[in-house]
Amino acid sequence: MDVLGVVPIFMSAGAAALPTLLAAVTSVTAVLLKPKEFLRICRQRPGMVSAVAATIIVVVAAGTWLWMKPASAAASVSQTGGIAPAGPATHYDWAAIAQNILNEHQQGRPYTKIAGTASAAPYVLMRDFTRCAYDGGAAPAELFPAWTYRYVRSKASSASFFSSPAVAGNRIYAAGAYPDAGYIGVIACVDATTGKQLWAINKAGDDFLKGFFSSPAVTQDGKYVIIGEGFHDDENCQLRCYDANDGRLRWGVTTSLHIESSPAIFGDLAVVGCGAIEGPDHKATGDTGHVLAVRISDGKEMWRQPVIDPESSPAIDDAGMVYIGSGFNGSAVVAIRSDSDAVLREKHLDRVAWKTPVAQPVTSAITLAGDLVIAGSGNSDFVYADPHPEGNVIALERATGKVRWQRKFPDAVLGALAARDGKVICSVRTGEVAALDLGDGHILWQTPVSGQAPVLAGCAFTGKYVYAVSDDGWLAILDGADGKVLSKKLLNDQNVPSEGKCLSGPQISNGRLIVGSETGGLRCFVGPRSGE
């Protein structure tokens, strides 16, 4: 026979709320009993004072209610026949739980579980065409290591992650290369929470992949990962489409050139730039370059449009217009219609809608902000500095290509430019990060990240914080209002020599920061979250 016990039933949400209230009491008490800890948290998170006060009020009110109402609660059980099987009492070590809460805080983990933010669009370089690399949810205000993923081939050989990772749901897709008589490429999928490898690919059939500088893009439904293959000297590379679930190759479209550009996605179309193979004089040795469009569902090539050295990563607006930079020997921004050849013939339209010449090669990703197309340019590249360096950021009217404003810099602007809240965040080869006014391009602030070490990767930008990476491996959080450096972390492995090739842009997703490095693997950081 079951043993029955009478238990009090708290009215409405009381029963469900009790464990939460007890946990809140423990949390508040644990912090208050450590005054230094409490003061430190209050300085860093002023909003927590209000939260603590509110918690105390709620707990006191709930405790008073429970103290005053036991008889009526028991009566309620008697009147309604509220009985439940008796079981062993659950005992909680509240002191241990309180200490764990403090430990979680000190290690930078969020106080509460952070829900992911669903994406209503494909994931492209730096998340979307604003290039802010931010999902709109929580953002870490400090950085504490959560996990590191390394693709290790031998004790002396592990992959460098030069490109920016893509974060889709709880999966991260990252691409890089490891040395082996040149470079062999690898694309890996890891769990965002643990860093555990879910799959990794370094071959196509019997052939090793070429290295990846291109960043992966993920289709809106999360089913497919698309990426370009090859470094700057590589020939006969492919635009590749992988099954996101298990890494199976679905299709590959070959170009005689390399694809350092990162794909843009528009519906069932993937568009990417194929850069020229150049000699020592920066002149093309054959094909000067083209933009390639492929249908994602079946891998059918839809069109190729000649553009001189389109190493830039394209952006596509809601009308299907493709914007891409023309690099060395081209020095322009080009707008290309994405319609099929048949549709263009029917409408009597050229594929190129407009082309705007600029002073230097455009190799940065293209950013869209309102009615503007924004691009960075410069005569230096990711590896070599020009003896007479110069750079520029240019904003063009999307409809016509007319120049709205320009801002000169003493060296190239190569990373993707992040635009939101009336600002444009630029990474400059001089080693500085600069914020420009979106309206007219005037400089709001400039800040060096790591001395004169170039900043080549695009920055993540939440509005409140800027996250920047210098090529010598330092990751910095900057105040978005004035550019002040708030904190810094080293990404590279201190025991492994680096060549100044930290080129991966950081991504902010679900309260985490994910970024690739040259010698430290793929890194994930967490921290006490800000309000945005």
# chains A, B, ... in the order shown; residues from 1 in each chain; ligands from 1
>>> residues_around(residues="Tyr467 (chain A)", least_positions_apart="3", cutoff="6 Å", atoms="only C-alpha atoms", output="PyMOL selection string")
chain A and resi 459-460+476-477
>>> residues_around(residues="region 214-229 of chain A", least_positions_apart="3", cutoff="6 Å", atoms="only C-alpha atoms", output="list in words")
Ala121, Pro122, Tyr123, Val124, Ser163, Ser164, Cys237, Gln238, Leu239, Arg240, Cys241, Tyr242, Asp243, Ala244, Ile259, Glu260, Ser261 and Ser262 of chain A
>>> write_last_selection(atoms="C-alpha atoms", output="PDB file, in the first residue's frame")
ATOM      1  CA  ALA A 121      18.481  35.474 -42.431  1.00  0.00           C
ATOM      2  CA  PRO A 122      21.450  33.422 -43.662  1.00  0.00           C
ATOM      3  CA  TYR A 123      24.686  33.679 -41.697  1.00  0.00           C
ATOM      4  CA  VAL A 124      27.359  35.412 -43.790  1.00  0.00           C
ATOM      5  CA  SER A 163      38.896  33.196 -41.246  1.00  0.00           C
ATOM      6  CA  SER A 164      35.942  34.251 -39.110  1.00  0.00           C
ATOM      7  CA  CYS A 237      39.962  26.224 -56.338  1.00  0.00           C
ATOM      8  CA  GLN A 238      36.308  25.536 -55.621  1.00  0.00           C
ATOM      9  CA  LEU A 239      33.259  27.130 -54.102  1.00  0.00           C
ATOM     10  CA  ARG A 240      32.058  24.255 -51.916  1.00  0.00           C
ATOM     11  CA  CYS A 241      28.752  23.360 -50.275  1.00  0.00           C
ATOM     12  CA  TYR A 242      28.698  20.982 -47.280  1.00  0.00           C
ATOM     13  CA  ASP A 243      25.878  19.331 -45.391  1.00  0.00           C
ATOM     14  CA  ALA A 244      25.840  21.187 -42.070  1.00  0.00           C
ATOM     15  CA  ILE A 259      38.418  32.225 -53.532  1.00  0.00           C
ATOM     16  CA  GLU A 260      39.526  34.280 -50.542  1.00  0.00           C
ATOM     17  CA  SER A 261      36.215  36.145 -50.695  1.00  0.00           C
ATOM     18  CA  SER A 262      33.496  34.978 -48.271  1.00  0.00           C
TER      19      SER A 262
END
>>> atom_distance(atom1="CA of Thr130 (chain A)", atom2="CA of Thr447 (chain A)")
21.5 Å
>>> residues_around(residues="Pro310 (chain A)", least_positions_apart="5", cutoff="6 Å", atoms="only C-alpha atoms", output="ChimeraX atom specification")
/A:273-275,325-327
>>> atom_distance(atom1="CA of Ala353 (chain A)", atom2="CA of Pro306 (chain A)")
13.4 Å
>>> select_by_dssp(residues="region 297-503 of chain A", states="alpha helix (DSSP H)", output="VMD selection string")
chain A and resid 341 to 347
>>> write_last_selection(atoms="N, CA and C atoms", output="compact mmCIF listing (two decimals), in the first residue's frame")
# COMPACT_ATOMS: atom_id res chain seq x y z
N ASP A 341 20.55 35.28 -66.63
CA ASP A 341 20.81 35.88 -67.94
C ASP A 341 19.51 36.09 -68.70
N ALA A 342 18.59 35.12 -68.60
CA ALA A 342 17.33 35.22 -69.34
C ALA A 342 16.50 36.41 -68.86
N VAL A 343 16.45 36.62 -67.56
CA VAL A 343 15.67 37.74 -67.01
C VAL A 343 16.29 39.07 -67.44
N LEU A 344 17.61 39.16 -67.41
CA LEU A 344 18.26 40.41 -67.82
C LEU A 344 18.01 40.71 -69.30
N ARG A 345 18.04 39.66 -70.13
CA ARG A 345 17.74 39.87 -71.55
C ARG A 345 16.31 40.36 -71.73
N GLU A 346 15.40 39.76 -70.99
CA GLU A 346 13.99 40.15 -71.11
C GLU A 346 13.78 41.60 -70.69
N LYS A 347 14.53 42.06 -69.67
CA LYS A 347 14.38 43.42 -69.16
C LYS A 347 15.31 44.41 -69.87
>>> select_by_dssp(residues="region 228-315 of chain A", states="strand (DSSP E or B)", output="mmCIF file with N, CA and C atoms, in the first residue's frame")
data_model
loop_
_atom_site.group_PDB
_atom_site.id
_atom_site.type_symbol
_atom_site.label_atom_id
_atom_site.label_comp_id
_atom_site.auth_asym_id
_atom_site.auth_seq_id
_atom_site.Cartn_x
_atom_site.Cartn_y
_atom_site.Cartn_z
ATOM 1 N N GLY A 228 34.490 29.328 -49.807
ATOM 2 C CA GLY A 228 35.454 29.343 -50.896
ATOM 3 C C GLY A 228 36.780 28.755 -50.457
ATOM 4 N N GLY A 230 41.079 28.200 -50.970
ATOM 5 C CA GLY A 230 42.328 28.685 -51.534
ATOM 6 C C GLY A 230 42.912 29.910 -50.862
ATOM 7 N N CYS A 237 40.656 26.397 -57.616
ATOM 8 C CA CYS A 237 39.962 26.224 -56.338
ATOM 9 C C CYS A 237 38.457 26.108 -56.570
ATOM 10 N N GLN A 238 37.743 25.757 -55.503
ATOM 11 C CA GLN A 238 36.308 25.536 -55.621
ATOM 12 C C GLN A 238 35.517 26.365 -54.614
ATOM 13 N N LEU A 239 34.301 26.730 -55.035
ATOM 14 C CA LEU A 239 33.259 27.130 -54.102
ATOM 15 C C LEU A 239 32.563 25.834 -53.705
ATOM 16 N N ARG A 240 32.524 25.555 -52.395
ATOM 17 C CA ARG A 240 32.058 24.255 -51.916
ATOM 18 C C ARG A 240 30.830 24.412 -51.038
ATOM 19 N N CYS A 241 29.944 23.415 -51.118
ATOM 20 C CA CYS A 241 28.752 23.360 -50.275
ATOM 21 C C CYS A 241 28.756 22.048 -49.501
ATOM 22 N N TYR A 242 28.681 22.148 -48.159
ATOM 23 C CA TYR A 242 28.698 20.982 -47.280
ATOM 24 C C TYR A 242 27.358 20.843 -46.557
ATOM 25 N N ASP A 243 27.010 19.601 -46.260
ATOM 26 C CA ASP A 243 25.878 19.331 -45.391
ATOM 27 C C ASP A 243 26.263 19.750 -43.971
ATOM 28 N N LEU A 249 30.187 16.581 -48.572
ATOM 29 C CA LEU A 249 30.240 17.537 -49.675
ATOM 30 C C LEU A 249 29.035 17.322 -50.585
ATOM 31 N N ARG A 250 28.254 18.366 -50.793
ATOM 32 C CA ARG A 250 27.097 18.284 -51.689
ATOM 33 C C ARG A 250 27.485 18.649 -53.118
ATOM 34 N N TRP A 251 28.263 19.712 -53.281
ATOM 35 C CA TRP A 251 28.743 20.084 -54.609
ATOM 36 C C TRP A 251 29.949 21.001 -54.504
ATOM 37 N N GLY A 252 30.678 21.093 -55.596
ATOM 38 C CA GLY A 252 31.797 22.018 -55.706
ATOM 39 C C GLY A 252 31.834 22.577 -57.121
ATOM 40 N N VAL A 253 32.023 23.890 -57.236
ATOM 41 C CA VAL A 253 32.121 24.552 -58.545
ATOM 42 C C VAL A 253 33.527 25.124 -58.659
ATOM 43 N N THR A 254 34.228 24.754 -59.721
ATOM 44 C CA THR A 254 35.650 25.068 -59.857
ATOM 45 C C THR A 254 35.865 26.368 -60.628
ATOM 46 N N THR A 255 36.836 27.131 -60.184
ATOM 47 C CA THR A 255 37.355 28.281 -60.914
ATOM 48 C C THR A 255 38.854 28.076 -61.086
ATOM 49 N N HIS A 258 41.545 31.523 -57.181
ATOM 50 C CA HIS A 258 41.324 31.186 -55.770
ATOM 51 C C HIS A 258 40.142 31.989 -55.248
ATOM 52 N N ALA A 264 28.264 35.421 -50.108
ATOM 53 C CA ALA A 264 26.995 36.040 -49.718
ATOM 54 C C ALA A 264 25.873 35.129 -50.200
ATOM 55 N N ILE A 265 24.760 35.125 -49.482
ATOM 56 C CA ILE A 265 23.621 34.269 -49.828
ATOM 57 C C ILE A 265 22.388 35.135 -50.034
ATOM 58 N N PHE A 266 21.668 34.865 -51.124
ATOM 59 C CA PHE A 266 20.411 35.547 -51.415
ATOM 60 C C PHE A 266 19.426 34.499 -51.914
ATOM 61 N N LEU A 269 20.669 31.498 -53.975
ATOM 62 C CA LEU A 269 21.864 31.884 -54.717
ATOM 63 C C LEU A 269 23.021 32.182 -53.767
ATOM 64 N N ALA A 270 24.198 31.630 -54.065
ATOM 65 C CA ALA A 270 25.437 31.969 -53.360
ATOM 66 C C ALA A 270 26.328 32.732 -54.325
ATOM 67 N N VAL A 271 26.889 33.855 -53.879
ATOM 68 C CA VAL A 271 27.717 34.714 -54.727
ATOM 69 C C VAL A 271 29.044 34.950 -54.028
ATOM 70 N N VAL A 272 30.143 34.877 -54.798
ATOM 71 C CA VAL A 272 31.473 35.017 -54.218
ATOM 72 C C VAL A 272 32.418 35.605 -55.254
ATOM 73 N N GLY A 273 33.492 36.244 -54.791
ATOM 74 C CA GLY A 273 34.506 36.777 -55.692
ATOM 75 C C GLY A 273 35.658 35.805 -55.871
ATOM 76 N N CYS A 274 36.161 35.704 -57.098
ATOM 77 C CA CYS A 274 37.296 34.833 -57.424
ATOM 78 C C CYS A 274 38.466 35.723 -57.819
ATOM 79 N N GLY A 275 39.519 35.741 -56.988
ATOM 80 C CA GLY A 275 40.600 36.703 -57.154
ATOM 81 C C GLY A 275 41.661 36.251 -58.139
ATOM 82 N N GLU A 278 48.394 36.555 -59.239
ATOM 83 C CA GLU A 278 49.247 37.685 -59.587
ATOM 84 C C GLU A 278 50.720 37.316 -59.523
ATOM 85 N N ALA A 284 47.995 40.478 -62.954
ATOM 86 C CA ALA A 284 47.401 39.155 -63.147
ATOM 87 C C ALA A 284 48.175 38.365 -64.182
ATOM 88 N N HIS A 290 36.753 37.251 -61.488
ATOM 89 C CA HIS A 290 35.337 37.270 -61.804
ATOM 90 C C HIS A 290 34.511 37.003 -60.552
ATOM 91 N N VAL A 291 33.242 37.382 -60.629
ATOM 92 C CA VAL A 291 32.281 37.100 -59.564
ATOM 93 C C VAL A 291 31.454 35.898 -60.011
ATOM 94 N N LEU A 292 31.303 34.931 -59.118
ATOM 95 C CA LEU A 292 30.669 33.655 -59.425
ATOM 96 C C LEU A 292 29.367 33.536 -58.640
ATOM 97 N N ALA A 293 28.285 33.120 -59.342
ATOM 98 C CA ALA A 293 26.993 32.888 -58.699
ATOM 99 C C ALA A 293 26.568 31.447 -58.948
ATOM 100 N N VAL A 294 26.186 30.735 -57.885
ATOM 101 C CA VAL A 294 25.836 29.321 -57.962
ATOM 102 C C VAL A 294 24.511 29.092 -57.247
ATOM 103 N N ARG A 295 23.661 28.265 -57.839
ATOM 104 C CA ARG A 295 22.403 27.896 -57.200
ATOM 105 C C ARG A 295 22.687 26.883 -56.093
ATOM 106 N N GLU A 301 25.969 26.417 -61.782
ATOM 107 C CA GLU A 301 26.511 27.760 -61.969
ATOM 108 C C GLU A 301 25.494 28.597 -62.747
ATOM 109 N N MET A 302 25.161 29.771 -62.203
ATOM 110 C CA MET A 302 24.142 30.624 -62.825
ATOM 111 C C MET A 302 24.767 31.698 -63.708
ATOM 112 N N TRP A 303 25.864 32.281 -63.268
ATOM 113 C CA TRP A 303 26.556 33.271 -64.096
ATOM 114 C C TRP A 303 27.934 33.576 -63.525
ATOM 115 N N ARG A 304 28.795 34.110 -64.394
ATOM 116 C CA ARG A 304 30.094 34.659 -63.998
ATOM 117 C C ARG A 304 30.206 36.064 -64.597
ATOM 118 N N GLN A 305 30.567 37.020 -63.762
ATOM 119 C CA GLN A 305 30.723 38.389 -64.230
ATOM 120 C C GLN A 305 32.175 38.823 -64.042
ATOM 121 N N PRO A 306 32.866 39.199 -65.139
ATOM 122 C CA PRO A 306 34.239 39.671 -64.994
ATOM 123 C C PRO A 306 34.324 40.928 -64.119
ATOM 124 N N ALA A 315 28.167 41.884 -50.610
ATOM 125 C CA ALA A 315 26.907 42.030 -49.880
ATOM 126 C C ALA A 315 25.784 42.056 -50.905
#
>>> closest_atom_pairs(of="region 441-476 of chain A", to="region 487-502 of chain A", cutoff="8 Å", atoms="only C-alpha atoms", output="Markdown table")
| residue | atom | partner | partner_atom | distance |
| --- | --- | --- | --- | --- |
| A:Leu456 | CA | A:Cys502 | CA | 8.0 |
| A:Ala457 | CA | A:Cys502 | CA | 7.6 |
| A:Val469 | CA | A:Cys502 | CA | 7.2 |
| A:Ser470 | CA | A:Cys502 | CA | 6.7 |
| A:Asp471 | CA | A:Cys502 | CA | 4.4 |
| A:Asp472 | CA | A:Gly500 | CA | 4.6 |
| A:Gly473 | CA | A:Leu491 | CA | 5.2 |
| A:Trp474 | CA | A:Leu490 | CA | 4.6 |
| A:Leu475 | CA | A:Lys489 | CA | 5.1 |
| A:Ala476 | CA | A:Lys488 | CA | 4.3 |
>>> atom_distance(atom1="CA of Ala399 (chain A)", atom2="CA of Thr363 (chain A)")
21.3 Å
>>> residues_around(residues="Asp246 (chain A)", least_positions_apart="4", cutoff="10 Å", atoms="only C-alpha atoms", output="list in words")
Cys189, Leu198, Trp199, Ala200, Ile201, Lys223 and Tyr242 of chain A
>>> write_last_selection(atoms="C-alpha atoms", output="compact mmCIF listing (two decimals), in the first residue's frame")
# COMPACT_ATOMS: atom_id res chain seq x y z
CA CYS A 189 31.94 21.92 -36.87
CA LEU A 198 31.13 17.22 -34.23
CA TRP A 199 32.85 16.72 -37.59
CA ALA A 200 35.92 17.90 -39.49
CA ILE A 201 36.89 17.65 -43.17
CA LYS A 223 21.17 22.91 -43.59
CA TYR A 242 28.70 20.98 -47.28
>>> closest_residue(among="A:Ala138, A:Phe129, A:His442, A:Ala177", to="Ser160 (chain A)", atoms="only C-alpha atoms")
A:Ala177
